[in-house]
>>> print(open('upload_32.pdb').read())   # PDB, C-alpha atoms
ATOM      1  CA  MET A   1       0.000   0.000   0.000
ATOM      2  CA  SER A   2       1.394   3.436  -0.919
ATOM      3  CA  ASN A   3       2.044   6.041   1.786
ATOM      4  CA  SER A   4      -0.828   8.150   0.409
ATOM      5  CA  ASN A   5      -3.289   5.251   0.499
ATOM      6  CA  TYR A   6      -2.081   4.243   3.967
ATOM      7  CA  THR A   7      -2.671   7.777   5.282
ATOM      8  CA  MET A   8      -6.150   7.828   3.738
ATOM      9  CA  ALA A   9      -7.010   4.475   5.285
ATOM     10  CA  LYS A  10      -5.957   5.632   8.744
ATOM     11  CA  SER A  11      -7.793   8.964   8.526
ATOM     12  CA  GLY A  12     -10.980   7.616   6.960
ATOM     13  CA  LEU A  13     -10.696   9.922   3.948
ATOM     14  CA  THR A  14     -12.344   8.751   0.726
ATOM     15  CA  GLN A  15     -10.460  10.901  -1.785
ATOM     16  CA  ASP A  16      -6.766  11.045  -2.563
ATOM     17  CA  PRO A  17      -5.812  14.699  -3.253
ATOM     18  CA  HIS A  18      -2.444  13.558  -4.601
ATOM     19  CA  ARG A  19      -3.813  11.096  -7.134
ATOM     20  CA  VAL A  20      -2.121  11.669 -10.487
ATOM     21  CA  SER A  21      -4.520  11.889 -13.408
ATOM     22  CA  GLU A  22      -3.709   9.620 -16.295
ATOM     23  CA  HIS A  23      -3.344  11.188 -19.714
ATOM     24  CA  THR A  24      -6.257   9.116 -21.002
ATOM     25  CA  GLU A  25      -8.621  10.942 -18.634
ATOM     26  CA  LYS A  26      -8.371  13.964 -20.888
ATOM     27  CA  VAL A  27      -9.727  12.307 -24.001
ATOM     28  CA  LEU A  28     -13.319  12.452 -25.123
ATOM     29  CA  GLU A  29     -13.904   8.691 -24.859
ATOM     30  CA  VAL A  30     -13.167   8.678 -21.137
ATOM     31  CA  ALA A  31     -15.392  11.702 -20.533
ATOM     32  CA  ILE A  32     -18.275  10.004 -22.367
ATOM     33  CA  GLY A  33     -17.722   6.739 -20.514
ATOM     34  CA  ARG A  34     -17.843   8.451 -17.147
ATOM     35  CA  GLU A  35     -21.153  10.110 -17.987
ATOM     36  CA  VAL A  36     -22.699   6.856 -19.244
ATOM     37  CA  ARG A  37     -21.669   5.092 -16.023
ATOM     38  CA  ALA A  38     -22.895   7.979 -13.852
ATOM     39  CA  PHE A  39     -26.337   8.108 -15.487
ATOM     40  CA  ARG A  40     -26.668   4.325 -15.309
ATOM     41  CA  ARG A  41     -25.799   4.238 -11.610
ATOM     42  CA  GLN A  42     -28.070   7.183 -10.812
ATOM     43  CA  GLN A  43     -30.975   5.200 -12.200
ATOM     44  CA  GLY A  44     -29.979   2.003 -10.431
ATOM     45  CA  ILE A  45     -29.492   0.097 -13.688
ATOM     46  CA  THR A  46     -26.949  -2.709 -13.938
ATOM     47  CA  VAL A  47     -24.700  -3.190 -16.944
ATOM     48  CA  ALA A  48     -26.595  -6.372 -17.779
ATOM     49  CA  GLU A  49     -29.938  -4.557 -17.677
ATOM     50  CA  LEU A  50     -28.646  -1.758 -19.886
ATOM     51  CA  ALA A  51     -27.213  -4.301 -22.308
ATOM     52  CA  LYS A  52     -30.613  -5.982 -22.575
ATOM     53  CA  THR A  53     -32.389  -2.655 -23.147
ATOM     54  CA  THR A  54     -29.976  -1.354 -25.772
ATOM     55  CA  GLY A  55     -29.011  -4.584 -27.504
ATOM     56  CA  LEU A  56     -25.348  -3.839 -26.836
ATOM     57  CA  SER A  57     -23.147  -6.514 -25.343
ATOM     58  CA  ILE A  58     -21.963  -6.303 -21.742
ATOM     59  CA  GLY A  59     -18.404  -6.285 -23.029
ATOM     60  CA  MET A  60     -19.086  -3.314 -25.323
ATOM     61  CA  LEU A  61     -20.777  -1.355 -22.536
ATOM     62  CA  SER A  62     -17.822  -2.064 -20.271
ATOM     63  CA  LYS A  63     -15.427  -0.734 -22.915
ATOM     64  CA  ILE A  64     -17.559   2.401 -23.374
ATOM     65  CA  GLU A  65     -17.799   3.118 -19.648
ATOM     66  CA  ASN A  66     -14.051   2.661 -19.183
ATOM     67  CA  GLY A  67     -13.181   4.854 -22.165
ATOM     68  CA  HIS A  68     -11.572   2.016 -24.104
ATOM     69  CA  THR A  69     -13.578   2.552 -27.272
ATOM     70  CA  SER A  70     -15.076   5.415 -29.226
ATOM     71  CA  PRO A  71     -18.862   4.816 -29.478
ATOM     72  CA  SER A  72     -20.589   5.743 -32.710
ATOM     73  CA  LEU A  73     -23.288   8.406 -32.861
ATOM     74  CA  THR A  74     -25.881   5.670 -33.324
ATOM     75  CA  THR A  75     -24.669   3.911 -30.171
ATOM     76  CA  LEU A  76     -24.784   7.156 -28.187
ATOM     77  CA  GLN A  77     -28.329   7.819 -29.407
ATOM     78  CA  THR A  78     -29.338   4.336 -28.284
ATOM     79  CA  LEU A  79     -27.807   4.937 -24.852
ATOM     80  CA  SER A  80     -29.439   8.355 -24.504
ATOM     81  CA  HIS A  81     -32.855   6.837 -25.235
ATOM     82  CA  ALA A  82     -32.304   3.941 -22.832
ATOM     83  CA  LEU A  83     -31.129   6.271 -20.047
ATOM     84  CA  SER A  84     -33.678   8.990 -20.865
ATOM     85  CA  VAL A  85     -31.067  11.742 -21.067
ATOM     86  CA  PRO A  86     -30.190  14.189 -23.879
ATOM     87  CA  LEU A  87     -27.454  13.036 -26.205
ATOM     88  CA  THR A  88     -25.485  16.203 -25.427
ATOM     89  CA  SER A  89     -25.350  15.285 -21.725
ATOM     90  CA  PHE A  90     -22.608  12.751 -22.493
ATOM     91  CA  PHE A  91     -20.302  15.617 -23.541
ATOM     92  CA  THR A  92     -21.060  18.094 -20.746
ATOM     93  CA  ARG A  93     -18.075  17.476 -18.493
ATOM     94  CA  PHE A  94     -15.645  17.238 -21.415
ATOM     95  CA  GLU A  95     -16.651  20.730 -22.591
ATOM     96  CA  GLU A  96     -17.109  22.267 -19.131
ATOM     97  CA  GLN A  97     -14.652  25.015 -18.214
ATOM     98  CA  ARG A  98     -12.810  24.588 -14.905
ATOM     99  CA  PRO A  99     -12.039  28.050 -13.500
ATOM    100  CA  ALA A 100      -8.872  28.907 -11.596
ATOM    101  CA  VAL A 101      -7.701  32.099  -9.895
ATOM    102  CA  HIS A 102      -4.073  33.164  -9.491
ATOM    103  CA  VAL A 103      -3.460  36.130  -7.170
ATOM    104  CA  LYS A 104       0.051  37.575  -7.082
ATOM    105  CA  ALA A 105       1.572  38.542  -3.753
ATOM    106  CA  GLY A 106       0.194  41.822  -2.433
ATOM    107  CA  THR A 107      -2.607  42.054  -5.002
ATOM    108  CA  GLY A 108      -5.533  40.571  -3.079
ATOM    109  CA  ILE A 109      -8.744  42.601  -3.046
ATOM    110  CA  GLU A 110      -9.093  44.497   0.221
ATOM    111  CA  MET A 111     -12.679  44.334   1.380
ATOM    112  CA  ASP A 112     -15.079  44.578   4.283
ATOM    113  CA  ARG A 113     -16.659  41.246   5.057
ATOM    114  CA  ALA A 114     -19.940  40.975   6.952
ATOM    115  CA  GLY A 115     -19.126  41.341  10.651
ATOM    116  CA  THR A 116     -15.671  42.851  10.048
ATOM    117  CA  ARG A 117     -14.445  44.956  12.976
ATOM    118  CA  ALA A 118     -12.187  48.004  13.072
ATOM    119  CA  GLY A 119      -8.584  47.146  12.368
ATOM    120  CA  HIS A 120      -9.401  43.752  10.807
ATOM    121  CA  GLN A 121      -7.979  43.935   7.293
ATOM    122  CA  TYR A 122      -9.409  41.305   4.916
ATOM    123  CA  ASN A 123      -7.763  40.594   1.575
ATOM    124  CA  LEU A 124      -9.780  38.281  -0.643
ATOM    125  CA  LEU A 125      -7.326  35.943  -2.401
ATOM    126  CA  GLY A 126      -9.750  34.597  -5.012
ATOM    127  CA  HIS A 127     -13.340  33.677  -5.662
ATOM    128  CA  ILE A 128     -15.091  31.132  -7.857
ATOM    129  CA  GLY A 129     -18.880  31.384  -7.948
ATOM    130  CA  SER A 130     -21.333  28.693  -9.005
ATOM    131  CA  ASN A 131     -19.456  25.543  -9.994
ATOM    132  CA  SER A 132     -20.013  21.817 -10.441
ATOM    133  CA  SER A 133     -18.834  20.986  -6.907
ATOM    134  CA  GLY A 134     -21.797  22.757  -5.310
ATOM    135  CA  VAL A 135     -19.424  24.417  -2.825
ATOM    136  CA  ILE A 136     -18.309  28.055  -2.545
ATOM    137  CA  VAL A 137     -14.821  28.641  -1.115
ATOM    138  CA  GLU A 138     -13.543  32.045   0.014
ATOM    139  CA  PRO A 139      -9.835  32.365   0.916
ATOM    140  CA  TYR A 140      -8.800  35.451   2.904
ATOM    141  CA  LEU A 141      -5.532  36.848   4.219
ATOM    142  CA  ILE A 142      -6.388  38.598   7.494
ATOM    143  CA  ASN A 143      -4.178  41.151   9.212
ATOM    144  CA  LEU A 144      -4.709  42.372  12.782
ATOM    145  CA  SER A 145      -3.010  45.560  13.950
ATOM    146  CA  GLU A 146      -2.530  47.286  17.309
ATOM    147  CA  THR A 147      -5.810  49.119  16.722
ATOM    148  CA  SER A 148      -7.891  46.027  15.976
ATOM    149  CA  ASP A 149     -11.118  45.616  17.938
ATOM    150  CA  VAL A 150     -11.715  42.368  19.830
ATOM    151  CA  PHE A 151     -15.200  40.982  19.260
ATOM    152  CA  PRO A 152     -15.589  37.179  19.005
ATOM    153  CA  THR A 153     -19.031  37.441  17.410
ATOM    154  CA  PHE A 154     -18.593  36.112  13.880
ATOM    155  CA  GLN A 155     -21.168  33.495  12.951
ATOM    156  CA  HIS A 156     -22.016  32.175   9.477
ATOM    157  CA  ASP A 157     -22.780  29.043   7.494
ATOM    158  CA  GLY A 158     -20.146  26.532   6.464
ATOM    159  CA  ILE A 159     -16.736  25.330   7.600
ATOM    160  CA  GLU A 160     -13.721  27.541   8.253
ATOM    161  CA  PHE A 161      -9.997  26.772   8.287
ATOM    162  CA  LEU A 162      -7.415  29.092   9.858
ATOM    163  CA  TYR A 163      -3.642  28.923   9.448
ATOM    164  CA  MET A 164      -1.566  31.218  11.652
ATOM    165  CA  LEU A 165       1.286  33.004   9.876
ATOM    166  CA  GLU A 166       2.426  35.710  12.296
ATOM    167  CA  GLY A 167       1.706  36.883  15.844
ATOM    168  CA  GLU A 168      -0.268  35.143  18.566
ATOM    169  CA  ILE A 169      -3.991  35.355  19.319
ATOM    170  CA  GLU A 170      -6.535  33.632  21.495
ATOM    171  CA  TYR A 171      -9.348  32.522  19.242
ATOM    172  CA  ARG A 172     -12.760  31.648  20.645
ATOM    173  CA  HIS A 173     -15.080  29.032  19.174
ATOM    174  CA  GLY A 174     -18.310  28.490  21.040
ATOM    175  CA  ASN A 175     -17.445  28.097  24.740
ATOM    176  CA  ASN A 176     -13.770  27.271  24.182
ATOM    177  CA  SER A 177     -10.697  29.405  23.570
ATOM    178  CA  TYR A 178      -7.570  28.356  21.653
ATOM    179  CA  LEU A 179      -4.114  29.953  21.591
ATOM    180  CA  LEU A 180      -2.932  30.178  17.983
ATOM    181  CA  LYS A 181       0.750  30.663  17.180
ATOM    182  CA  PRO A 182       2.603  30.699  13.817
ATOM    183  CA  GLY A 183       2.244  27.312  12.148
ATOM    184  CA  ASP A 184      -0.916  26.418  14.086
ATOM    185  CA  SER A 185      -4.116  25.579  12.239
ATOM    186  CA  PHE A 186      -7.715  25.644  13.385
ATOM    187  CA  PHE A 187     -10.605  23.919  11.582
ATOM    188  CA  PHE A 188     -14.184  24.414  12.779
ATOM    189  CA  ASP A 189     -17.922  24.626  12.167
ATOM    190  CA  ALA A 190     -18.511  28.333  11.486
ATOM    191  CA  ASP A 191     -22.127  28.233  12.664
ATOM    192  CA  ALA A 192     -20.890  28.615  16.259
ATOM    193  CA  PRO A 193     -19.897  32.136  17.461
ATOM    194  CA  HIS A 194     -16.180  32.568  16.825
ATOM    195  CA  GLY A 195     -13.396  35.090  16.463
ATOM    196  CA  PRO A 196     -10.231  36.499  18.092
ATOM    197  CA  GLU A 197     -10.909  37.472  21.709
ATOM    198  CA  ASN A 198      -7.449  38.338  23.003
ATOM    199  CA  TYR A 199      -4.319  39.520  21.202
ATOM    200  CA  LYS A 200      -1.134  38.073  22.678
ATOM    201  CA  LYS A 201       1.327  39.328  20.065
ATOM    202  CA  LEU A 202       0.641  41.868  17.306
ATOM    203  CA  PRO A 203       0.739  42.445  14.431
ATOM    204  CA  ALA A 204      -0.909  39.145  13.593
ATOM    205  CA  GLN A 205      -1.612  37.573  10.232
ATOM    206  CA  PHE A 206      -3.471  34.408   9.328
ATOM    207  CA  LEU A 207      -5.057  32.656   6.387
ATOM    208  CA  SER A 208      -8.798  32.007   6.592
ATOM    209  CA  ILE A 209     -10.554  29.656   4.167
ATOM    210  CA  ILE A 210     -14.338  29.525   4.384
ATOM    211  CA  ALA A 211     -16.364  26.871   2.540
ATOM    212  CA  TYR A 212     -20.150  26.725   2.366
ATOM    213  CA  PRO A 213     -22.845  25.213   0.118
ATOM    214  CA  ASN A 214     -23.764  27.022  -3.056
ATOM    215  CA  ALA A 215     -27.320  28.295  -2.543
ATOM    216  CA  ASP A 216     -28.003  28.781  -6.291
TER
END
>>> encode(input="upload_32.pdb", output="structure tokens")
Amino acid sequence: MSNSNYTMAKSGLTQDPHRVSEHTEKVLEVAIGREVRAFRRQQGITVAELAKTTGLSIGMLSKIENGHTSPSLTTLQTLSHALSVPLTSFFTRFEEQRPAVHVKAGTGIEMDRAGTRAGHQYNLLGHIGSNSSGVIVEPYLINLSETSDVFPTFQHDGIEFLYMLEGEIEYRHGNNSYLLKPGDSFFFDADAPHGPENYKKLPAQFLSIIAYPNAD
């Protein structure tokens, strides 16, 4: 077992963030195969049942779903009818744009976030709106100065991750308080009242990543 798989097994994680994509995953056949398999599984249809409905062999369907063959237009039409989905749905993910945001050092957008207090400087490091994951993620670089107010009253939907870069602060979450120093991280449910309640060493700087469901 690889080190990555061993770590996943111990932690209970179901995805490997370090998995290397094969070159074949970029080709159209693989994209089509993934969609055929996804639609079939969504409808609770087995390969054998789909083979019977379409007249295609189990072996052929297996090759299509694994991206090992290029299905003809006639075959795709047959599959779209059997699965009751538009023919174009097999190409959606292949054509879908995957956005990315690169922010150079010192160029983040300075902004006031809901609940921001005096002296709390927020720099938004990137934003991707509606996307196929169904999750919105907002990364911020937060700076606290000698004039920063102390009000641990932030409360919002989602999950938040903090990574301390500079300074020392006591950070409250619910009824508990945590001392955060450079290199420390803090991961929590943001629905509970939270925020810095005592500044031990300023200036302080930390990375905040907030993730919440896309409401669209």
>>> atom_distance(input="upload_32.pdb", atom1="CA of Asp157 (chain A)", atom2="CA of Ile142 (chain A)")
19.0 Å
>>> atom_distance(input="upload_32.pdb", atom1="CA of Ala211 (chain A)", atom2="CA of Arg34 (chain A)")
27.0 Å
>>> resolve_selection(input="upload_32.pdb", expression="the PyMOL selection byres ((chain A and resi 61-66) around 7)", output="list in words")
Val30, Gly33, Arg34, Val36, Arg37, Leu56, Ser57, Ile58, Gly59, Met60, Gly67, His68, Thr69 and Pro71 of chain A
>>> residues_around(input="upload_32.pdb", residues="region 82-90 of chain A", least_positions_apart="6", cutoff="7 Å", atoms="only C-alpha atoms", output="PyMOL selection string")
chain A and resi 32+35-36+39-40+53-54+76
>>> write_last_selection(input="upload_32.pdb", atoms="C-alpha atoms", output="PDB file, in the coordinates of the input")
ATOM      1  CA  ILE A  32     -18.275  10.004 -22.367  1.00  0.00           C
ATOM      2  CA  GLU A  35     -21.153  10.110 -17.987  1.00  0.00           C
ATOM      3  CA  VAL A  36     -22.699   6.856 -19.244  1.00  0.00           C
ATOM      4  CA  PHE A  39     -26.337   8.108 -15.487  1.00  0.00           C
ATOM      5  CA  ARG A  40     -26.668   4.325 -15.309  1.00  0.00           C
ATOM      6  CA  THR A  53     -32.389  -2.655 -23.147  1.00  0.00           C
ATOM      7  CA  THR A  54     -29.976  -1.354 -25.772  1.00  0.00           C
ATOM      8  CA  LEU A  76     -24.784   7.156 -28.187  1.00  0.00           C
TER       9      LEU A  76
END
>>> residues_around(input="upload_32.pdb", residues="Gly195 (chain A)", least_positions_apart="6", cutoff="12 Å", atoms="all atoms listed in the file", output="VMD selection string")
chain A and resid 115 to 117 120 142 144 149 to 156 160 162 169 to 180 186 188 208
>>> atom_distance(input="upload_32.pdb", atom1="CA of Ile209 (chain A)", atom2="CA of Ile159 (chain A)")
8.3 Å
>>> resolve_selection(input="upload_32.pdb", expression="the PyMOL selection byres ((chain A and resi 207) around 12)", output="MDAnalysis selection string")
chainID A and resid 121:125 138:144 160:166 182:187 204:206 208:210
>>> decode(input="upload_32.pdb", residues="region 154-188 of chain A", atoms="C-alpha atoms", output="PDB file, in the first residue's frame")
ATOM      1  CA  PHE A 154     -18.593  36.112  13.880  1.00  0.00           C
ATOM      2  CA  GLN A 155     -21.168  33.495  12.951  1.00  0.00           C
ATOM      3  CA  HIS A 156     -22.016  32.175   9.477  1.00  0.00           C
ATOM      4  CA  ASP A 157     -22.780  29.043   7.494  1.00  0.00           C
ATOM      5  CA  GLY A 158     -20.146  26.532   6.464  1.00  0.00           C
ATOM      6  CA  ILE A 159     -16.736  25.330   7.600  1.00  0.00           C
ATOM      7  CA  GLU A 160     -13.721  27.541   8.253  1.00  0.00           C
ATOM      8  CA  PHE A 161      -9.997  26.772   8.287  1.00  0.00           C
ATOM      9  CA  LEU A 162      -7.415  29.092   9.858  1.00  0.00           C
ATOM     10  CA  TYR A 163      -3.642  28.923   9.448  1.00  0.00           C
ATOM     11  CA  MET A 164      -1.566  31.218  11.652  1.00  0.00           C
ATOM     12  CA  LEU A 165       1.286  33.004   9.876  1.00  0.00           C
ATOM     13  CA  GLU A 166       2.426  35.710  12.296  1.00  0.00           C
ATOM     14  CA  GLY A 167       1.706  36.883  15.844  1.00  0.00           C
ATOM     15  CA  GLU A 168      -0.268  35.143  18.566  1.00  0.00           C
ATOM     16  CA  ILE A 169      -3.991  35.355  19.319  1.00  0.00           C
ATOM     17  CA  GLU A 170      -6.535  33.632  21.495  1.00  0.00           C
ATOM     18  CA  TYR A 171      -9.348  32.522  19.242  1.00  0.00           C
ATOM     19  CA  ARG A 172     -12.760  31.648  20.645  1.00  0.00           C
ATOM     20  CA  HIS A 173     -15.080  29.032  19.174  1.00  0.00           C
ATOM     21  CA  GLY A 174     -18.310  28.490  21.040  1.00  0.00           C
ATOM     22  CA  ASN A 175     -17.445  28.097  24.740  1.00  0.00           C
ATOM     23  CA  ASN A 176     -13.770  27.271  24.182  1.00  0.00           C
ATOM     24  CA  SER A 177     -10.697  29.405  23.570  1.00  0.00           C
ATOM     25  CA  TYR A 178      -7.570  28.356  21.653  1.00  0.00           C
ATOM     26  CA  LEU A 179      -4.114  29.953  21.591  1.00  0.00           C
ATOM     27  CA  LEU A 180      -2.932  30.178  17.983  1.00  0.00           C
ATOM     28  CA  LYS A 181       0.750  30.663  17.180  1.00  0.00           C
ATOM     29  CA  PRO A 182       2.603  30.699  13.817  1.00  0.00           C
ATOM     30  CA  GLY A 183       2.244  27.312  12.148  1.00  0.00           C
ATOM     31  CA  ASP A 184      -0.916  26.418  14.086  1.00  0.00           C
ATOM     32  CA  SER A 185      -4.116  25.579  12.239  1.00  0.00           C
ATOM     33  CA  PHE A 186      -7.715  25.644  13.385  1.00  0.00           C
ATOM     34  CA  PHE A 187     -10.605  23.919  11.582  1.00  0.00           C
ATOM     35  CA  PHE A 188     -14.184  24.414  12.779  1.00  0.00           C
TER      36      PHE A 188
END
